[in-house]
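Q: Below you will find the structure I want to go over with you.
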Amino acid sequence: MEPIDSSLVDWSRAQFALTAMYHWLFVPLTLGLGVVMAIMETLYVRTGREFWKRTARFWMKLFGINFAMGVATGIILEFEFGTNWSNYSWFVGDIFGAPLAIEGILAFFMESTFIAVMYFGWNKVSKRAHLASTWLTIIGATISAWWILVANAWMQHPVGMEFNPDTVRNEMVDFAAVAFSPVAVVKFCHTVTSSWVLGAVFVVGVSCWYLLRGRHREFALGSIRVAAWFGLAASLLTAHTGHLSGRDIALYQPMKLAAAEGLYEGGTEQGLVLGGILRPGADWVGGNGDDRFLLKVELPYALSYLATHDLQGYVPGIRNLLEGDYRLPDGSVALSAEEMMKRGRVAIDALARYRAASPPEEKAAALAVLRENFPWFGYGYLKSPGELVPSVPLTFYSFRIMVMLGGYFIVLFAGLLLLGQRVTRWKLVQLAVVLTIPLAWLASQSGWVVAEVGRQPWAIQGLLPNVAAISRLDVSSVQTTFFIFLALFTLLLVAELGIMGKAIAAGPETDSTSN
Amino acid sequence: MDDISFYQEYWWFLVSLLGALLVFLMFVQGGQSLIWTLGRTEEQRRMLLLATGRKWELTFTTLVTFGGAFFASFPLFYSTSFGGAYWVWVIILLCFVLQAVSYEFQLRRGNVLGTTTYRIFLLLNGILGPLLIGAAVGTFFTGAEFVVNKSAVASPAMPVISYWTGPWHGLEAVLVPQNLMLGMSVLLLTRVLACLYFAGGIADESLRENCRRRLRIESGFFLLFFLTWLVRWLLSTGFAYVPESGLVYTETCKYLHNLLEMPGVAVLLIVGVLLVLGGMVSGLCGWRRAFWAAGAGSMLTVLSLLLCAGWNNTAYYPSVTALQSSLTIANSSSSLFTLKTMSAVSLIIPFVLAYIAWAWRVLDRTPITPEETEGEH
């Protein structure tokens, strides 16, 4: 039988990354802008001021334009688990499929039903029923995020399942462990609050554009007031949940942390790299003692504290993780990558014997070996330890971009709140806020690059590498669909930006203070 | 209750119900395929698109949930069909991508592709969506070219458990006459439903008259395709399996036997077909609520056909290249624990249906008027 073509894995990954990144251009704006407009409509219902209704309706118009693209790109992602990752779909479908089904039943229907009332129901339902529909639309979107992030968190830290050699797949044994895994909770909070930040940046950015142009002053100031408070709270929550997320990564995905920090040689009392430049072409797998940084600025002890909550805590580097022989938090000694791969091959071989054997005693013996070595099952598919090291430059720089921009957003929102109405006099600030809009997307995308590139080569951490997760397709088929999706999504993105630009240029419905 | 076969049958019922709901809601696609046929003026076309524009997301969501539910309850189907019949599923998905943006973008200022382009997208979705979904579902009865070997997981060089044996990756399904006939039946049914929906929900007499005229043609073609398909289906050789051993074998007139052995399902089919016929006839006579009769009939018909595909020891996704690779609800389902857990979640479905019904009612309480196309959205 022909072995898997490695370029098939690369193209399948590229296609998934493409669709996921396009999808994530729209989803965070849906989550963030949705809350902002719902708050504005709440203000309308509570105060009765038509101003807030006009304001809410304007942001709803932009929400709708963006929402359509989120839906369009999302459907591809869901079905790609089947089309391009069919082995994955069987191997863990028993666990992974459930959140997707629940997402559909609980969240998608709520979202799609109430968004219709939100748009078409202004004159058909009462004010309060309309407000409830608006909130239910965004609650539906947020519940949807919950379930898909539960699924994603499970891939980063698989829990609540057992391998069944008769069905040759992992099966769920503890739903609560999957649905409420601490990693999932932190991931959800971090992702959703960061989406709120993006929504708030968008609102203050567009509002500042109006101020720069001297248009819709009252509308812009009202929007900034709501979005800046919301954005500041969300930024602080994002920073806190980001810290918790870092701790989870240290515990469950130490290689990702090492890559994000550019930490080749680990140790105690490790400093956190605040900023740095990696040496181009540095060897992150080889064991020589070269300095892999051209420049770096560190915060002493901070990485040890982040990873272990102890300033003297031990943090393994890439070399340590590959060579093993250091103490794990539970007191045991870490295995080398070679040893884990060896045990993984033993597990796979035991599975083959279990499937082929018919005498019960032979089956039992094979099963015992499989169970003993199953924790390293996924390592058995790897060919060399070097495959365990993700792209360090991509992970390292993305992490820094995300963190630095996160800090900047806190300053931005706090500054806007301090300035209050005086922001109308600060043209440079207005310009800076407008230019911040794309930075919110850069931060958001960078976060996902850290999360997903940093966990390579795993589709499911430690259990299933990408090479064993794919569909058996011709490379040319995947290449063709990659370029079809690329062309289509780019075309639609251009169309959306054009429509969004015109809608922003047209501004909200006329109010007495415009111009 | 710890009998996995109960949950497998329950989840096959739910997946079938979602499939039935999807076919009913694809009246949206039927409506899109008739934009230019029914809408003689721009105002009429806008009213047609406003009518379906309030509902497209529901259809879309049902498709996504149908996929999610299939994944969760019968992951081996998800893995085998989507990974193997790659091209047919990709084309279906692309059709729906085009639809998702078209309603929102078509009339917006700054729309670089132009209104007509988006309406062509809607037309493509309206024709290809039902046609290809119908043809893909046709393979539930005619089979597909795949092999499943779960032991492959233990072969590190090639661990993929299922693969397609033909070069067309699903497109060959459209060339099977029986599949094509089912695809055409679904397409024509969605157009019939759309005519009935427009006739009952738009306050424009000339448009209603167009709908009634069109209904006559669409109904005739639908009956021709569907009844031909139905007779051939009843007489076709189907795929059965022995529950104790899982051994799959072919059986003459399997689906006819299924109806005879499951009289409740047979009643669903007969009532469904009669309701569709009744809906068509009453629609032609000008009854405004004919849509609901035909819609309910469509759901019952599709539900009964899908139940025949998976219940009564039937292989619902037969392999024509390796018979023993065929998928049954017994060999392709999730574990008992997962099925039970999701069954608990499924208890919320009546609540979901209730709020959908409320939203539908408040939005469709009054027929769409030409004035509404100016102020909405």
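Each chain of the structure tokens is named A, B, ... in the order shown, its residues numbered from 1; ligands are numbered from 1 in display order.
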Write out as a tab-separated table the residues of chain B that have any atom within 7 Å of an atom of chain A, one row each with the nearest atom pair and its distance in Å to one decimal, counting only C-alpha atoms, sorted by chain and then rising number.

A:
```
residue	atom	partner	partner_atom	distance
B:Arg54	CA	A:Ala116	CA	5.9
B:Glu57	CA	A:Ser112	CA	5.5
B:Leu58	CA	A:Ser112	CA	5.9
B:Thr61	CA	A:Phe108	CA	6.1
B:Val64	CA	A:Ile75	CA	6.8
B:Thr65	CA	A:Gly104	CA	4.6
B:Gly68	CA	A:Ala101	CA	4.3
B:Ala69	CA	A:Ala101	CA	4.7
B:Phe71	CA	A:Gly97	CA	5.2
B:Ala72	CA	A:Gly97	CA	3.9
B:Pro75	CA	A:Gly93	CA	5.4
B:Leu76	CA	A:Trp90	CA	5.6
B:Tyr78	CA	A:Gly82	CA	5.6
B:Ser79	CA	A:Ser86	CA	4.3
B:Thr80	CA	A:Ser86	CA	6.7
B:Phe82	CA	A:Thr83	CA	4.5
B:Gly83	CA	A:Thr83	CA	4.0
B:Tyr86	CA	A:Thr83	CA	5.8
B:Leu93	CA	A:Ile76	CA	6.5
B:Val97	CA	A:Ala72	CA	4.5
B:Ala100	CA	A:Ala72	CA	5.2
B:Val101	CA	A:Ala68	CA	5.2
B:Glu104	CA	A:Ile65	CA	6.3
B:Arg108	CA	A:Ile499	CA	6.3
B:Arg109	CA	A:Ile499	CA	5.9
B:Gly110	CA	A:Ile499	CA	4.5
B:Asn111	CA	A:Ile499	CA	5.4
B:Val112	CA	A:Ala495	CA	5.6
B:Leu113	CA	A:Ala495	CA	7.0
B:Lys150	CA	A:Val168	CA	6.4
B:Ser151	CA	A:Arg355	CA	6.7
B:Ala154	CA	A:Ala352	CA	5.2
B:Pro156	CA	A:Tyr381	CA	5.3
B:Ala157	CA	A:Pro3	CA	4.7
B:Met158	CA	A:Pro3	CA	5.1
B:Pro159	CA	A:Ala468	CA	5.8
B:Val160	CA	A:Asn87	CA	5.5
B:Ile161	CA	A:Asn87	CA	6.4
B:Tyr163	CA	A:Arg472	CA	6.0
B:Ser334	CA	A:Asp94	CA	5.1
B:Ser335	CA	A:Glu171	CA	6.5
B:Phe337	CA	A:Val173	CA	6.5
B:Thr338	CA	A:Met172	CA	6.3
B:Met342	CA	A:Ala98	CA	6.8
B:Ile356	CA	A:Thr113	CA	6.0
B:Ala359	CA	A:Val117	CA	6.5
B:Val362	CA	A:Lys124	CA	6.5
B:Leu363	CA	A:Gly121	CA	6.6
B:Glu376	CA	A:Phe120	CA	6.4
B:His377	CA	A:Tyr119	CA	6.0
```

Q: Residues of the last selection are to be written out with N, CA and C atoms, as a compact mmCIF listing (two decimals), in the first residue's frame.

A:
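As a result, result_30.txt now contains:
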```txt
# COMPACT_ATOMS: atom_id res chain seq x y z
N ARG B 54 -36.22 35.98 4.49
CA ARG B 54 -36.50 35.87 5.93
C ARG B 54 -36.33 34.44 6.43
N GLU B 57 -31.83 31.50 6.41
CA GLU B 57 -30.92 31.06 7.47
C GLU B 57 -31.41 29.83 8.19
N LEU B 58 -32.72 29.68 8.21
CA LEU B 58 -33.30 28.50 8.86
C LEU B 58 -32.95 27.24 8.05
N THR B 61 -29.24 26.63 8.56
CA THR B 61 -28.98 26.08 9.88
C THR B 61 -29.39 24.61 9.95
N VAL B 64 -26.69 22.59 8.37
CA VAL B 64 -25.52 22.48 9.24
C VAL B 64 -25.81 21.53 10.40
N THR B 65 -26.99 21.64 10.98
CA THR B 65 -27.34 20.77 12.10
C THR B 65 -27.48 19.32 11.65
N GLY B 68 -24.04 18.12 11.53
CA GLY B 68 -23.51 17.94 12.89
C GLY B 68 -24.12 16.72 13.55
N ALA B 69 -25.42 16.52 13.37
CA ALA B 69 -26.09 15.38 14.00
C ALA B 69 -25.61 14.07 13.39
N PHE B 71 -22.67 13.60 12.09
CA PHE B 71 -21.30 13.43 12.59
C PHE B 71 -21.34 12.82 14.00
N ALA B 72 -22.19 13.38 14.83
CA ALA B 72 -22.21 12.95 16.22
C ALA B 72 -22.80 11.55 16.39
N PRO B 75 -20.66 8.70 13.05
CA PRO B 75 -19.41 9.31 12.56
C PRO B 75 -18.76 8.56 11.41
N LEU B 76 -19.03 7.26 11.31
CA LEU B 76 -18.40 6.53 10.21
C LEU B 76 -18.97 6.97 8.86
N TYR B 78 -19.99 10.09 8.28
CA TYR B 78 -19.36 11.40 8.09
C TYR B 78 -17.95 11.21 7.52
N SER B 79 -17.24 10.29 8.14
CA SER B 79 -15.87 10.04 7.75
C SER B 79 -15.79 9.45 6.34
N THR B 80 -16.64 8.49 6.06
CA THR B 80 -16.56 7.78 4.78
C THR B 80 -17.10 8.61 3.62
N PHE B 82 -18.04 12.00 3.42
CA PHE B 82 -17.48 13.33 3.17
C PHE B 82 -16.03 13.23 2.70
N GLY B 83 -15.29 12.29 3.29
CA GLY B 83 -13.90 12.14 2.89
C GLY B 83 -13.76 11.46 1.53
N TYR B 86 -15.83 13.44 -2.09
CA TYR B 86 -15.29 14.78 -1.83
C TYR B 86 -15.92 15.86 -2.71
N LEU B 93 -21.41 22.43 -0.81
CA LEU B 93 -21.02 23.47 0.16
C LEU B 93 -20.78 24.81 -0.51
N VAL B 97 -22.30 28.48 0.27
CA VAL B 97 -21.47 29.65 0.57
C VAL B 97 -21.99 30.84 -0.24
N ALA B 100 -25.19 32.22 1.19
CA ALA B 100 -25.11 32.90 2.49
C ALA B 100 -24.85 34.40 2.36
N VAL B 101 -24.08 34.78 1.35
CA VAL B 101 -23.77 36.21 1.23
C VAL B 101 -24.76 36.93 0.32
N GLU B 104 -27.77 39.16 1.69
CA GLU B 104 -27.35 40.37 2.38
C GLU B 104 -26.72 41.38 1.42
N ARG B 108 -27.08 45.95 -1.57
CA ARG B 108 -26.29 46.93 -0.84
C ARG B 108 -25.49 47.83 -1.79
N ARG B 109 -25.32 49.07 -1.34
CA ARG B 109 -24.45 49.96 -2.10
C ARG B 109 -23.00 49.52 -1.93
N GLY B 110 -22.20 49.70 -2.96
CA GLY B 110 -20.79 49.32 -2.87
C GLY B 110 -20.57 47.85 -3.19
N ASN B 111 -21.64 47.24 -3.65
CA ASN B 111 -21.60 45.82 -3.97
C ASN B 111 -20.87 45.65 -5.31
N VAL B 112 -19.60 45.27 -5.23
CA VAL B 112 -18.75 45.32 -6.43
C VAL B 112 -19.15 44.31 -7.50
N LEU B 113 -19.80 43.24 -7.12
CA LEU B 113 -20.13 42.22 -8.11
C LEU B 113 -21.44 42.51 -8.85
N LYS B 150 -11.22 -0.76 9.24
CA LYS B 150 -10.84 -0.08 10.49
C LYS B 150 -9.45 -0.50 10.98
N SER B 151 -9.01 -1.68 10.59
CA SER B 151 -7.69 -2.13 11.04
C SER B 151 -6.55 -1.31 10.44
N ALA B 154 -3.89 0.65 12.37
CA ALA B 154 -2.65 0.04 12.88
C ALA B 154 -1.57 -0.06 11.81
N PRO B 156 0.92 2.40 10.28
CA PRO B 156 1.41 3.78 10.32
C PRO B 156 1.65 4.41 8.95
N ALA B 157 2.00 3.60 7.95
CA ALA B 157 2.27 4.19 6.63
C ALA B 157 1.00 4.70 5.97
N MET B 158 -0.11 4.01 6.14
CA MET B 158 -1.39 4.42 5.53
C MET B 158 -2.53 4.09 6.50
N PRO B 159 -2.72 4.96 7.51
CA PRO B 159 -3.69 4.62 8.56
C PRO B 159 -5.14 5.01 8.27
N VAL B 160 -5.42 5.47 7.03
CA VAL B 160 -6.78 5.97 6.74
C VAL B 160 -7.73 4.78 6.58
N ILE B 161 -8.83 4.81 7.33
CA ILE B 161 -9.68 3.61 7.39
C ILE B 161 -10.65 3.48 6.23
N TYR B 163 -11.74 4.74 2.07
CA TYR B 163 -11.32 5.46 0.87
C TYR B 163 -12.26 5.15 -0.27
N SER B 334 -22.17 6.13 16.95
CA SER B 334 -21.37 6.48 18.11
C SER B 334 -21.63 5.46 19.21
N SER B 335 -20.89 5.60 20.30
CA SER B 335 -21.02 4.66 21.41
C SER B 335 -22.35 4.88 22.14
N PHE B 337 -22.78 5.53 25.23
CA PHE B 337 -22.69 6.69 26.13
C PHE B 337 -22.96 7.99 25.37
N THR B 338 -22.33 8.14 24.22
CA THR B 338 -22.51 9.38 23.44
C THR B 338 -23.95 9.50 22.94
N MET B 342 -26.43 12.55 24.01
CA MET B 342 -27.04 13.44 23.02
C MET B 342 -28.56 13.30 23.01
N ILE B 356 -39.09 28.64 16.92
CA ILE B 356 -39.06 28.85 15.46
C ILE B 356 -40.48 29.15 14.96
N ALA B 359 -41.42 32.71 15.80
CA ALA B 359 -40.78 33.70 14.93
C ALA B 359 -41.40 33.67 13.53
N VAL B 362 -44.82 35.48 13.68
CA VAL B 362 -44.83 36.94 13.79
C VAL B 362 -44.32 37.60 12.50
N LEU B 363 -43.42 36.93 11.82
CA LEU B 363 -42.88 37.55 10.60
C LEU B 363 -43.81 37.37 9.40
N GLU B 376 -37.62 47.45 4.44
CA GLU B 376 -37.00 46.39 5.22
C GLU B 376 -35.49 46.37 5.05
N HIS B 377 -34.86 45.79 6.08
CA HIS B 377 -33.43 45.54 6.06
C HIS B 377 -32.64 46.82 5.93
```

Q: A:Ser207: which residues within 8 Å, counting only C-alpha atoms, same-chain residues fewer than 2 positions away excluded, as an NGL selection string?

A: :A and (203-205 or 209-211 or 219-221 or 223-224)

Q: Please return as JSON, numbers by chain: the residues of stretch 204-377 of chain B that backbone DSSP assigns to alpha helix (DSSP H).

A: {"B": [205, 206, 207, 208, 209, 210, 211, 212, 213, 214, 215, 216, 217, 218, 219, 220, 221, 222, 223, 224, 225, 226, 227, 228, 229, 230, 231, 232, 233, 234, 235, 254, 255, 256, 257, 258, 259, 260, 261, 263, 264, 265, 266, 267, 268, 269, 270, 271, 272, 273, 274, 275, 276, 277, 278, 279, 280, 281, 282, 283, 284, 290, 291, 292, 293, 294, 295, 296, 297, 298, 299, 300, 301, 302, 303, 304, 305, 306, 307, 308, 309, 310, 336, 337, 338, 339, 340, 341, 342, 343, 344, 345, 346, 349, 350, 351, 352, 353, 354, 355, 356, 357, 358, 359, 360, 361, 362, 363, 364, 372, 373, 374, 375]}

Q: Counting only C-alpha atoms, give me one row per residue of stretch 311-344 of chain B with an atom at most 12 Å from an atom of stretch 260-283 of chain B, showing the shortest contact pair and its distance in Å to one decimal, sorted by chain then residue number, as JSON lines.

A:
```
{"residue": "B:Trp311", "atom": "CA", "partner": "B:Met262", "partner_atom": "CA", "distance": 9.0}
{"residue": "B:Asn312", "atom": "CA", "partner": "B:Met262", "partner_atom": "CA", "distance": 7.8}
{"residue": "B:Asn313", "atom": "CA", "partner": "B:Glu261", "partner_atom": "CA", "distance": 11.1}
```

Q: Mind giving me the straight-line distance from atom CA of A:Ser398 to atom CA of A:Ser446 in Å, one decimal?

A: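 One can read the atom CA of A:Ser398 to atom CA of A:Ser446 distance as 4.8 Å.
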
Q: Can you measure atom CA of B:Ser332 to atom CA of B:Gln8 for me? One decimal in Å is fine.

A: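 Atom-to-atom, atom CA of B:Ser332 and atom CA of B:Gln8 are spaced 9.4 Å apart.
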
Q: Enumerate the residues of stretch 227-310 of chain B with a DSSP assignment of strand (DSSP E), computed from the backbone, and present them as a tab-separated table (two decimals) with N, CA and C atoms, in the first residue's frame.

A:
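Final output, saved to states.tsv:
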```tsv
chain	number	residue	atom	x	y	z
B	238	GLY	N	-32.39	-4.07	-2.69
B	238	GLY	CA	-31.82	-3.25	-1.63
B	238	GLY	C	-30.74	-4.00	-0.88
B	239	PHE	N	-30.28	-3.37	0.20
B	239	PHE	CA	-29.15	-3.92	0.94
B	239	PHE	C	-29.57	-4.16	2.39
B	240	ALA	N	-29.53	-5.44	2.77
B	240	ALA	CA	-29.95	-5.79	4.12
B	240	ALA	C	-28.75	-6.35	4.89
B	241	TYR	N	-28.91	-6.50	6.19
B	241	TYR	CA	-27.83	-7.14	6.96
B	241	TYR	C	-28.43	-8.01	8.06
B	248	VAL	N	-23.70	-8.24	5.44
B	248	VAL	CA	-24.55	-7.48	4.52
B	248	VAL	C	-24.83	-8.34	3.28
B	249	TYR	N	-26.06	-8.31	2.81
B	249	TYR	CA	-26.41	-9.06	1.59
B	249	TYR	C	-27.46	-8.26	0.81
B	250	THR	N	-27.62	-8.62	-0.45
B	250	THR	CA	-28.62	-7.91	-1.27
B	250	THR	C	-29.96	-8.64	-1.17
B	251	GLU	N	-31.02	-7.85	-1.26
B	251	GLU	CA	-32.35	-8.45	-1.14
B	251	GLU	C	-33.28	-7.79	-2.17
```

Q: Skip stretch 276-284 of chain A itself and residues of its chain fewer than 5 positions away, then list as a PyMOL selection string all residues within 6 Å of it, counting only C-alpha atoms.

A: chain A and resi 292-296

Q: Those residues with N, CA and C atoms, as a PDB file, in the first residue's frame please?

A:
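So the final result, stored in again_16.pdb, reads:
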```pdb
ATOM      1  N   ARG A 292      20.200  31.324  19.907  1.00  0.00           N
ATOM      2  CA  ARG A 292      19.174  31.361  18.859  1.00  0.00           C
ATOM      3  C   ARG A 292      18.486  32.721  18.766  1.00  0.00           C
ATOM      4  N   PHE A 293      18.968  33.680  19.526  1.00  0.00           N
ATOM      5  CA  PHE A 293      18.414  35.040  19.479  1.00  0.00           C
ATOM      6  C   PHE A 293      19.466  36.021  18.977  1.00  0.00           C
ATOM      7  N   LEU A 294      19.067  36.952  18.156  1.00  0.00           N
ATOM      8  CA  LEU A 294      19.946  38.078  17.831  1.00  0.00           C
ATOM      9  C   LEU A 294      19.827  39.129  18.917  1.00  0.00           C
ATOM     10  N   LEU A 295      18.627  39.186  19.479  1.00  0.00           N
ATOM     11  CA  LEU A 295      18.355  40.215  20.492  1.00  0.00           C
ATOM     12  C   LEU A 295      17.159  39.765  21.320  1.00  0.00           C
ATOM     13  N   LYS A 296      17.245  39.966  22.641  1.00  0.00           N
ATOM     14  CA  LYS A 296      16.027  39.714  23.419  1.00  0.00           C
ATOM     15  C   LYS A 296      16.035  40.515  24.713  1.00  0.00           C
TER      16      LYS A 296
END
```

Q: Env of stretch 409-417 of chain A: 9 Å cut, atoms = only C-alpha atoms, seq-sep filter 6 positions within chain, self excluded. Answer as a list in words.

A: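 My reading of the contact set: Val197, Ala200, Val201, Val204, Ile224, Arg225, Ala227, Ala228, Trp229, Phe230, Gly231, Leu232, Ala233, Ala234, Ser235, Leu236, Val423, Val429, Val433, Thr436 and Ala440 of chain A.
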
Q: With C-alpha atoms retained, could you export that selection as a short mmCIF file (atom, residue, chain, number, x, y, z; two decimals), in the first residue's frame?

A:
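Everything below was put into selection.cif:
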```
data_model
loop_
_atom_site.label_atom_id
_atom_site.label_comp_id
_atom_site.auth_asym_id
_atom_site.auth_seq_id
_atom_site.Cartn_x
_atom_site.Cartn_y
_atom_site.Cartn_z
CA VAL A 197 -12.21 43.72 22.40
CA ALA A 200 -15.13 47.51 20.71
CA VAL A 201 -12.06 48.55 18.69
CA VAL A 204 -14.45 53.24 18.49
CA ILE A 224 -17.34 55.60 21.88
CA ARG A 225 -18.66 55.95 25.43
CA ALA A 227 -17.65 50.75 23.38
CA ALA A 228 -14.72 52.14 25.38
CA TRP A 229 -16.16 50.99 28.71
CA PHE A 230 -17.04 47.66 27.22
CA GLY A 231 -13.66 47.37 25.50
CA LEU A 232 -11.70 48.25 28.63
CA ALA A 233 -13.51 45.65 30.71
CA ALA A 234 -13.08 43.08 27.94
CA SER A 235 -9.36 43.89 27.52
CA LEU A 236 -8.68 43.39 31.21
CA VAL A 423 -11.43 63.39 22.04
CA VAL A 429 -5.80 60.37 18.66
CA VAL A 433 -7.87 54.91 16.80
CA THR A 436 -6.05 50.57 15.26
CA ALA A 440 -7.50 44.17 16.40
#
```
